[in-house]
Amino acid sequence: MSSTTLPSAMIQRTVDGGRPLRRSSDRIISPLPMRRDSDLPPISHTVSLVIPAHNEARNVPWVFNQIPPSIDEVILVDGASDDATVRMAAHCLPSVRVVQQTGHGKGDALRTGFQAATCEYIVMMDADGSMWPGEIPHYVHFLDNGFDFVKGSRFIAGGGSLDLTPVRSLGNRALLAVVNRVYHATLTDLCYGFCAFRRTFLEDLHPQAPGFEIEAELIAHALRLGLRIAEVPSLELPRRSGRSHLHAVSDGRRVLRTLLAERPGGRRSAPLGAGKR
């Protein structure tokens, strides 16, 4: 049977002479059909990557060289760095948008980046090399498939950490127990700032925290809003150089205060909206 006599709905896996395809050099005579007549081609959404940075010149090259080409917009929020962070970012990625932070703290830096973002999806990650940009397509995949907020987890299959100290691990477990109990959730990780969400929810997520606790605040607001949340496996790497800006005990206390203040029925419940789709 020649290839022209096969029904159009069949996957034609033959070459001239009728021999089945077995090598990468063999050609497919016709493109693979869709699985169902109702299937639609995947929709491509634009993605903004927001990276807050303060004196991360030695880490920026590795991070920027790992950014997937599918990212439409990279926003570096510079927190008054006195090293070559901005120059290094522009050297590695000439198209980078550099936004100067006018306030202080990671929370202020992320809000500055969120407001500057123009794409449909926003991804947030650190500039210290502890998060691999190559994982971003996994986050985008879940947003493409109906989820509203996607967060990385170091404690599900495929995830892990090469930088988690005993103190940080204990604090994360304690805070995770609080958020799961107070918000009736089943999350596996909390204090990890590799997240992505639809920009249409930015106003409803209403991030206000000044420091590292903004990560927990965003998750708490997403839970309260009833957003569809997905966790994806992520491997936390050691900071490539320099010292961490995180203070485990003091930042942990602020996270706890934030979780309790933002709980359903708490004093900050009123400003949150109902979430627009």
# chains A, B, ... in the order shown; residues from 1 in each chain; ligands from 1
$ residues_around --residues "A:Phe212" --least-positions-apart "5" --cutoff "8 Å" --atoms "only C-alpha atoms" --output "list in words"
Gly105, Lys106, Gly107, Leu246, Asp251 and Val255 of chain A
$ select_by_dssp --residues "stretch 19-267 of chain A" --states "strand (DSSP E or B)" --output "MDAnalysis selection string"
chainID A and resid 20 47:53 73:78 97:100 121:124 149:153 160:161 195:198 229:233 235:236
$ residues_around --residues "A:Leu164" --least-positions-apart "4" --cutoff "10 Å" --atoms "only C-alpha atoms" --output "ChimeraX atom specification"
/A:154,160,168-170,172,236-238
$ write_last_selection --atoms "N, CA, C and O atoms" --output "PDB file, in the first residue's frame"
ATOM      1  N   ARG A 154      10.300  21.996  47.265  1.00  0.00           N
ATOM      2  CA  ARG A 154      11.510  21.192  47.411  1.00  0.00           C
ATOM      3  C   ARG A 154      11.220  19.834  48.014  1.00  0.00           C
ATOM      4  O   ARG A 154      12.130  19.015  48.177  1.00  0.00           O
ATOM      5  N   GLY A 160      14.101  19.111  45.759  1.00  0.00           N
ATOM      6  CA  GLY A 160      15.113  18.882  46.778  1.00  0.00           C
ATOM      7  C   GLY A 160      15.826  20.177  47.109  1.00  0.00           C
ATOM      8  O   GLY A 160      15.536  21.236  46.552  1.00  0.00           O
ATOM      9  N   ARG A 168      16.713  26.357  59.075  1.00  0.00           N
ATOM     10  CA  ARG A 168      15.741  26.720  58.046  1.00  0.00           C
ATOM     11  C   ARG A 168      14.737  25.608  57.815  1.00  0.00           C
ATOM     12  O   ARG A 168      13.548  25.855  57.599  1.00  0.00           O
ATOM     13  N   SER A 169      15.203  24.360  57.831  1.00  0.00           N
ATOM     14  CA  SER A 169      14.303  23.224  57.613  1.00  0.00           C
ATOM     15  C   SER A 169      13.254  23.133  58.720  1.00  0.00           C
ATOM     16  O   SER A 169      12.067  22.936  58.454  1.00  0.00           O
ATOM     17  N   LEU A 170      13.698  23.296  59.962  1.00  0.00           N
ATOM     18  CA  LEU A 170      12.770  23.249  61.090  1.00  0.00           C
ATOM     19  C   LEU A 170      11.759  24.388  61.009  1.00  0.00           C
ATOM     20  O   LEU A 170      10.548  24.194  61.210  1.00  0.00           O
ATOM     21  N   ASN A 172      10.790  26.057  58.342  1.00  0.00           N
ATOM     22  CA  ASN A 172       9.878  25.853  57.217  1.00  0.00           C
ATOM     23  C   ASN A 172       8.792  24.848  57.567  1.00  0.00           C
ATOM     24  O   ASN A 172       7.615  25.055  57.241  1.00  0.00           O
ATOM     25  N   GLU A 236      16.514  23.378  44.998  1.00  0.00           N
ATOM     26  CA  GLU A 236      17.191  24.564  45.516  1.00  0.00           C
ATOM     27  C   GLU A 236      18.695  24.317  45.527  1.00  0.00           C
ATOM     28  O   GLU A 236      19.176  23.353  46.118  1.00  0.00           O
ATOM     29  N   LEU A 237      19.425  25.203  44.871  1.00  0.00           N
ATOM     30  CA  LEU A 237      20.877  25.091  44.776  1.00  0.00           C
ATOM     31  C   LEU A 237      21.535  26.002  45.800  1.00  0.00           C
ATOM     32  O   LEU A 237      20.922  26.954  46.288  1.00  0.00           O
ATOM     33  N   PRO A 238      22.789  25.764  46.125  1.00  0.00           N
ATOM     34  CA  PRO A 238      23.495  26.690  47.025  1.00  0.00           C
ATOM     35  C   PRO A 238      23.704  28.039  46.345  1.00  0.00           C
ATOM     36  O   PRO A 238      23.883  28.104  45.122  1.00  0.00           O
TER      37      PRO A 238
END
$ residues_around --residues "A:Glu213" --least-positions-apart "2" --cutoff "8 Å" --atoms "only C-alpha atoms" --output "MDAnalysis selection string"
chainID A and resid 107 209:211 215:217 251:252 254:255 258
$ residues_around --residues "A:Val47" --least-positions-apart "2" --cutoff "7 Å" --atoms "only C-alpha atoms" --output "list of chain:residue names"
A:His45, A:Leu49, A:Ile71, A:Asp72, A:Glu73, A:Cys119, A:Glu120, A:Tyr121, A:Ile122
$ write_last_selection --atoms "N, CA, C and O atoms" --output "PDB file, in the first residue's frame"
ATOM      1  N   HIS A  45       1.398  32.042  25.655  1.00  0.00           N
ATOM      2  CA  HIS A  45       1.215  33.190  26.524  1.00  0.00           C
ATOM      3  C   HIS A  45       2.565  33.859  26.760  1.00  0.00           C
ATOM      4  O   HIS A  45       3.608  33.209  26.801  1.00  0.00           O
ATOM      5  N   LEU A  49       9.700  37.722  33.571  1.00  0.00           N
ATOM      6  CA  LEU A  49      10.507  37.176  34.659  1.00  0.00           C
ATOM      7  C   LEU A  49      11.021  38.339  35.506  1.00  0.00           C
ATOM      8  O   LEU A  49      11.724  39.220  35.001  1.00  0.00           O
ATOM      9  N   ILE A  71      11.212  33.114  27.417  1.00  0.00           N
ATOM     10  CA  ILE A  71      10.826  34.234  28.277  1.00  0.00           C
ATOM     11  C   ILE A  71      10.783  35.505  27.427  1.00  0.00           C
ATOM     12  O   ILE A  71      11.739  35.839  26.733  1.00  0.00           O
ATOM     13  N   ASP A  72       9.673  36.216  27.498  1.00  0.00           N
ATOM     14  CA  ASP A  72       9.482  37.390  26.654  1.00  0.00           C
ATOM     15  C   ASP A  72      10.093  38.655  27.245  1.00  0.00           C
ATOM     16  O   ASP A  72      10.474  39.565  26.501  1.00  0.00           O
ATOM     17  N   GLU A  73      10.168  38.730  28.569  1.00  0.00           N
ATOM     18  CA  GLU A  73      10.599  39.967  29.207  1.00  0.00           C
ATOM     19  C   GLU A  73      11.316  39.628  30.517  1.00  0.00           C
ATOM     20  O   GLU A  73      10.785  38.901  31.346  1.00  0.00           O
ATOM     21  N   CYS A 119       3.635  41.331  30.648  1.00  0.00           N
ATOM     22  CA  CYS A 119       3.189  40.079  30.028  1.00  0.00           C
ATOM     23  C   CYS A 119       2.032  39.441  30.791  1.00  0.00           C
ATOM     24  O   CYS A 119       1.667  39.869  31.881  1.00  0.00           O
ATOM     25  N   GLU A 120       1.477  38.380  30.212  1.00  0.00           N
ATOM     26  CA  GLU A 120       0.310  37.713  30.795  1.00  0.00           C
ATOM     27  C   GLU A 120       0.668  36.922  32.055  1.00  0.00           C
ATOM     28  O   GLU A 120      -0.133  36.828  32.976  1.00  0.00           O
ATOM     29  N   TYR A 121       1.848  36.326  32.071  1.00  0.00           N
ATOM     30  CA  TYR A 121       2.309  35.563  33.224  1.00  0.00           C
ATOM     31  C   TYR A 121       3.485  36.294  33.868  1.00  0.00           C
ATOM     32  O   TYR A 121       4.305  36.899  33.176  1.00  0.00           O
ATOM     33  N   ILE A 122       3.562  36.206  35.196  1.00  0.00           N
ATOM     34  CA  ILE A 122       4.706  36.754  35.933  1.00  0.00           C
ATOM     35  C   ILE A 122       5.380  35.625  36.684  1.00  0.00           C
ATOM     36  O   ILE A 122       4.723  34.864  37.412  1.00  0.00           O
TER      37      ILE A 122
END
$ select_by_dssp --residues "stretch 91-211 of chain A" --states "alpha helix (DSSP H)" --output "ChimeraX atom specification"
/A:91-92,106-116,136-144,166-182,202-205
$ closest_residue --among "A:Arg263, A:Gly152, A:Thr118, A:Trp132" --to "A:Leu202" --atoms "only C-alpha atoms"
A:Thr118
$ closest_residue --among "A:Arg111, A:Arg253, A:His184, A:Arg243" --to "A:Arg224" --atoms "only C-alpha atoms"
A:His184
$ atom_distance --atom1 "atom CA of A:Leu235" --atom2 "atom CA of A:Ser130"
8.4 Å
$ closest_residue --among "A:Val50, A:Ala230, A:Val63, A:Ala220" --to "A:Gly146" --atoms "only C-alpha atoms"
A:Ala230
$ residues_around --residues "A:Asn59" --least-positions-apart "6" --cutoff "7 Å" --atoms "only C-alpha atoms" --output "PyMOL selection string"
chain A and resi 127-129+240-241
$ write_last_selection --atoms "N, CA and C atoms" --output "PDB file, in the first residue's frame"
ATOM      1  N   ALA A 127      18.145  36.135  42.429  1.00  0.00           N
ATOM      2  CA  ALA A 127      19.302  36.394  41.569  1.00  0.00           C
ATOM      3  C   ALA A 127      20.577  35.734  42.077  1.00  0.00           C
ATOM      4  N   ASP A 128      20.487  34.946  43.155  1.00  0.00           N
ATOM      5  CA  ASP A 128      21.711  34.419  43.773  1.00  0.00           C
ATOM      6  C   ASP A 128      22.152  33.070  43.220  1.00  0.00           C
ATOM      7  N   GLY A 129      21.418  32.535  42.245  1.00  0.00           N
ATOM      8  CA  GLY A 129      21.778  31.251  41.661  1.00  0.00           C
ATOM      9  C   GLY A 129      21.217  30.056  42.395  1.00  0.00           C
ATOM     10  N   ARG A 240      25.549  30.861  44.764  1.00  0.00           N
ATOM     11  CA  ARG A 240      26.800  30.662  44.034  1.00  0.00           C
ATOM     12  C   ARG A 240      27.948  31.460  44.640  1.00  0.00           C
ATOM     13  N   SER A 241      27.678  32.648  45.133  1.00  0.00           N
ATOM     14  CA  SER A 241      28.723  33.428  45.798  1.00  0.00           C
ATOM     15  C   SER A 241      28.064  34.474  46.682  1.00  0.00           C
TER      16      SER A 241
END
$ residues_around --residues "A:Tyr139" --least-positions-apart "5" --cutoff "12 Å" --atoms "only C-alpha atoms" --output "MDAnalysis selection string"
chainID A and resid 47 49 71 121:125 133:134 144:153 194:198 229:234
$ write_last_selection --atoms "N, CA and C atoms" --output "compact mmCIF listing (two decimals), in the first residue's frame"
# COMPACT_ATOMS: atom_id res chain seq x y z
N VAL A 47 5.46 35.84 28.91
CA VAL A 47 5.97 35.62 30.26
C VAL A 47 6.96 36.72 30.64
N LEU A 49 9.70 37.72 33.57
CA LEU A 49 10.51 37.18 34.66
C LEU A 49 11.02 38.34 35.51
N ILE A 71 11.21 33.11 27.42
CA ILE A 71 10.83 34.23 28.28
C ILE A 71 10.78 35.51 27.43
N TYR A 121 1.85 36.33 32.07
CA TYR A 121 2.31 35.56 33.22
C TYR A 121 3.49 36.29 33.87
N ILE A 122 3.56 36.21 35.20
CA ILE A 122 4.71 36.75 35.93
C ILE A 122 5.38 35.62 36.68
N VAL A 123 6.68 35.50 36.50
CA VAL A 123 7.48 34.53 37.24
C VAL A 123 8.45 35.31 38.13
N MET A 124 8.58 34.91 39.39
CA MET A 124 9.50 35.57 40.31
C MET A 124 10.55 34.57 40.78
N MET A 125 11.80 35.01 40.80
CA MET A 125 12.88 34.14 41.26
C MET A 125 14.03 35.01 41.76
N PRO A 133 16.74 28.76 36.36
CA PRO A 133 15.75 29.27 35.41
C PRO A 133 15.22 28.22 34.44
N GLY A 134 15.98 27.16 34.24
CA GLY A 134 15.54 26.10 33.34
C GLY A 134 14.25 25.42 33.79
N ASP A 144 -0.59 27.39 31.76
CA ASP A 144 -1.24 27.15 30.47
C ASP A 144 -2.39 26.16 30.60
N ASN A 145 -2.33 25.31 31.61
CA ASN A 145 -3.34 24.26 31.76
C ASN A 145 -4.33 24.55 32.87
N GLY A 146 -4.59 25.82 33.12
CA GLY A 146 -5.72 26.20 33.95
C GLY A 146 -5.44 26.61 35.37
N PHE A 147 -4.18 26.49 35.84
CA PHE A 147 -3.88 26.92 37.19
C PHE A 147 -3.60 28.42 37.22
N ASP A 148 -3.85 29.03 38.38
CA ASP A 148 -3.72 30.48 38.51
C ASP A 148 -2.42 30.89 39.21
N PHE A 149 -1.94 30.03 40.09
CA PHE A 149 -0.75 30.34 40.89
C PHE A 149 0.06 29.05 41.00
N VAL A 150 1.34 29.12 40.64
CA VAL A 150 2.20 27.94 40.65
C VAL A 150 3.40 28.24 41.53
N LYS A 151 3.71 27.35 42.45
CA LYS A 151 4.82 27.55 43.36
C LYS A 151 5.75 26.34 43.35
N GLY A 152 7.02 26.59 43.52
CA GLY A 152 7.98 25.51 43.58
C GLY A 152 7.94 24.82 44.93
N SER A 153 8.23 23.53 44.93
CA SER A 153 8.31 22.76 46.17
C SER A 153 9.58 21.92 46.15
N PHE A 194 10.21 30.77 44.54
CA PHE A 194 10.14 30.52 43.10
C PHE A 194 8.67 30.29 42.76
N CYS A 195 8.00 31.31 42.24
CA CYS A 195 6.56 31.26 42.01
C CYS A 195 6.20 31.90 40.67
N ALA A 196 5.00 31.60 40.19
CA ALA A 196 4.48 32.19 38.96
C ALA A 196 2.97 32.35 39.11
N PHE A 197 2.43 33.38 38.48
CA PHE A 197 0.98 33.59 38.55
C PHE A 197 0.52 34.41 37.36
N ARG A 198 -0.77 34.43 37.16
CA ARG A 198 -1.36 35.23 36.09
C ARG A 198 -1.39 36.70 36.51
N ILE A 229 -4.14 26.46 42.71
CA ILE A 229 -2.71 26.47 43.02
C ILE A 229 -2.09 25.12 42.67
N ALA A 230 -0.96 25.16 42.03
CA ALA A 230 -0.19 23.94 41.73
C ALA A 230 1.19 24.06 42.32
N GLU A 231 1.73 22.95 42.78
CA GLU A 231 3.12 22.88 43.23
C GLU A 231 3.91 22.05 42.21
N VAL A 232 5.08 22.54 41.85
CA VAL A 232 5.94 21.81 40.92
C VAL A 232 7.27 21.53 41.62
N PRO A 233 7.90 20.41 41.31
CA PRO A 233 9.17 20.10 41.96
C PRO A 233 10.25 21.08 41.56
N SER A 234 11.05 21.48 42.54
CA SER A 234 12.15 22.42 42.28
C SER A 234 13.34 22.03 43.13
$ closest_residue --among "A:Asp78, A:Glu56, A:Asp83, A:Glu262" --to "A:Val182" --atoms "only C-alpha atoms"
A:Glu262
